[in-house]
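Asker: Starting off with a structure, shown below.
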Amino acid sequence: MNLLPVAALPPVILGVELTIDLNEGLRRSLRTAFGMKTRAINLQIDPSMDLIFLCEKTLPGTLPCLGALTRPGVIAVTLREAHLAWQPDPEHPIGRGTSTLAALESGSCFLTANSRKIAIASFSERNVHPTHVTMEMLGRPNLLEYLRSDWFTLEISGTNRRRLTRPLGFSAVLEFDLQLNPEAAEA
């Protein structure tokens with residue numbers, strides 16, 4: 001079977017607003033929840049656990065930006081590019097205590113649908129800048145069944161360089177390539 005060249009089709013772009021909530025501190029939240037003494041908690045929990053973040057959003061497969069996935073003959077969807085973007089608030093410019101993407105150290109991007117989860121991109125310290133993070137693709141798996149499902153979840157998780165002093169809102173932008181069966185594209 002011959003595939004229509006990827007370059008002949010415009011990419012599908014998905015942009016999702018996410019927020020990493022303020023770090024309350026795992027030891028503190030456990031101490032409050034279970035009434036444990038601080039010393040016991042410090043002995044049992046690695047301090048670096050406070051630097052783990054997770055943010056996710058569940059989205060419908062019927063989003064208008066994914067409409068091209070329903071066209072006849074689409075047989076594969078692969079990730080072309082992925083990045084995180086942060087815009088400074090004009091009322092609160094970057095300054096002491098501002099949470100920017102530079103607070104992140106490493107992370108991964110996952111898609112989950114129908115009880116199946118797949119890692120699609122990741123980043124490390126060298127990819128992180130205050131207003132953007134470029135992610136590296138993890139292979140070229142076919143994501144069609146994930147994005148065509150009724151609902152799917154986009155997750156960004158990883159580690160911080162330091163604790164966040166304010167919640168960090170940002171956009172995850174994913175660009176996908178479509179592959180068509182040429183016979184269906186001609187019909």
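Please note that chains go A, B, ... in the order of the structure tokens, that every chain numbers its residues from 1, and that ligands are numbered from 1 in the order shown.
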Neighbouring residues of segment 63-67 of chain A were defined as those with any atom within 12 Å, considering only C-alpha atoms; residues of the same chain fewer than 5 positions away were excluded. Please report them as an MDAnalysis selection string.
Answerer: chainID A and resid 10:16 58 72 74 77 144 146:152 173:178
Asker: Pick out the residues sitting within 8 Å of Ser99 of chain A, and hand them over as a list in words; count only C-alpha atoms, and ignore anything fewer than 5 positions along from it in its own chain.
Answerer: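 Result of the neighbour search: Leu164, Thr165, Arg166, Pro167 and Leu168 of chain A.
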Asker: Take the residues just selected and output them with all heavy atoms as a compact mmCIF listing (two decimals), in the first residue's frame.
Answerer:
```
# COMPACT_ATOMS: atom_id res chain seq x y z
N LEU A 164 7.57 25.60 43.24
CA LEU A 164 6.86 26.73 42.66
C LEU A 164 6.26 27.58 43.76
O LEU A 164 5.72 27.06 44.73
CB LEU A 164 5.73 26.23 41.74
CG LEU A 164 6.16 25.42 40.52
CD1 LEU A 164 4.94 24.90 39.79
CD2 LEU A 164 7.03 26.24 39.60
N THR A 165 6.37 28.90 43.62
CA THR A 165 5.79 29.80 44.61
C THR A 165 4.39 30.25 44.20
O THR A 165 3.65 30.78 45.00
CB THR A 165 6.68 31.05 44.79
OG1 THR A 165 6.85 31.67 43.51
CG2 THR A 165 8.03 30.66 45.36
N ARG A 166 4.06 30.04 42.92
CA ARG A 166 2.72 30.34 42.39
C ARG A 166 2.36 29.25 41.39
O ARG A 166 3.24 28.64 40.80
CB ARG A 166 2.73 31.69 41.65
CG ARG A 166 3.03 32.86 42.51
CD ARG A 166 3.00 34.13 41.67
NE ARG A 166 3.50 35.23 42.48
CZ ARG A 166 4.05 36.31 42.00
NH1 ARG A 166 4.19 36.46 40.70
NH2 ARG A 166 4.47 37.27 42.80
N PRO A 167 1.06 29.02 41.18
CA PRO A 167 0.69 28.06 40.13
C PRO A 167 1.26 28.51 38.78
O PRO A 167 1.40 29.70 38.52
CB PRO A 167 -0.84 28.12 40.12
CG PRO A 167 -1.21 28.63 41.48
CD PRO A 167 -0.10 29.57 41.88
N LEU A 168 1.60 27.55 37.95
CA LEU A 168 2.21 27.83 36.65
C LEU A 168 1.26 27.38 35.55
O LEU A 168 1.01 26.19 35.37
CB LEU A 168 3.55 27.11 36.53
CG LEU A 168 4.28 27.19 35.20
CD1 LEU A 168 4.57 28.63 34.82
CD2 LEU A 168 5.56 26.39 35.26
```
Asker: With DSSP run on the backbone, what are the helix (DSSP H, G or I) residues within segment 42-121 of chain A? I'd like them as a PyMOL selection string.
Answerer: chain A and resi 42-44+47-51+64-70+101-103
Asker: Of the candidates A:Glu155, A:Ala76, A:Asn142, A:Met137, which one gets nearest to Cys109 of chain A if we count only C-alpha atoms?
Answerer: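 Closest to Cys109 of chain A, using only C-alpha atoms: A:Glu155.
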Asker: Quick one: residues within 7 Å of Phe53 of chain A, only C-alpha atoms, excluding same-chain residues fewer than 6 positions away - as an MDAnalysis selection string?
Answerer: chainID A and resid 20 157:160
Asker: Okay, now the selection with C-alpha atoms, as a PDB file, in the first residue's frame?
Answerer:
```pdb
ATOM      1  CA  ILE A  20       0.838  23.026  37.529  1.00  0.00           C
ATOM      2  CA  SER A 157       4.522  15.237  34.259  1.00  0.00           C
ATOM      3  CA  GLY A 158       8.077  15.381  35.528  1.00  0.00           C
ATOM      4  CA  THR A 159      10.309  17.193  37.990  1.00  0.00           C
ATOM      5  CA  ASN A 160      10.917  20.811  38.970  1.00  0.00           C
TER       6      ASN A 160
END
```
Asker: Hey, can you check how far atom CA of Thr134 of chain A sits from atom CA of Leu59 of chain A?
Answerer: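 Computing the Euclidean distance for atom CA of Thr134 of chain A and atom CA of Leu59 of chain A yields 22.4 Å.
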Asker: One number please: atom CA of Gly73 of chain A to atom CA of Pro60 of chain A, in Å, one decimal.
Answerer: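 So the two atoms, atom CA of Gly73 of chain A and atom CA of Pro60 of chain A, lie 21.4 Å apart.
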Asker: Quick one: of A:Thr153, A:Leu79, A:Asp89, A:Thr70, who's nearest to Asn114 of chain A, counting only C-alpha atoms?
Answerer: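 Smallest distance to Asn114 of chain A is found for A:Thr153.
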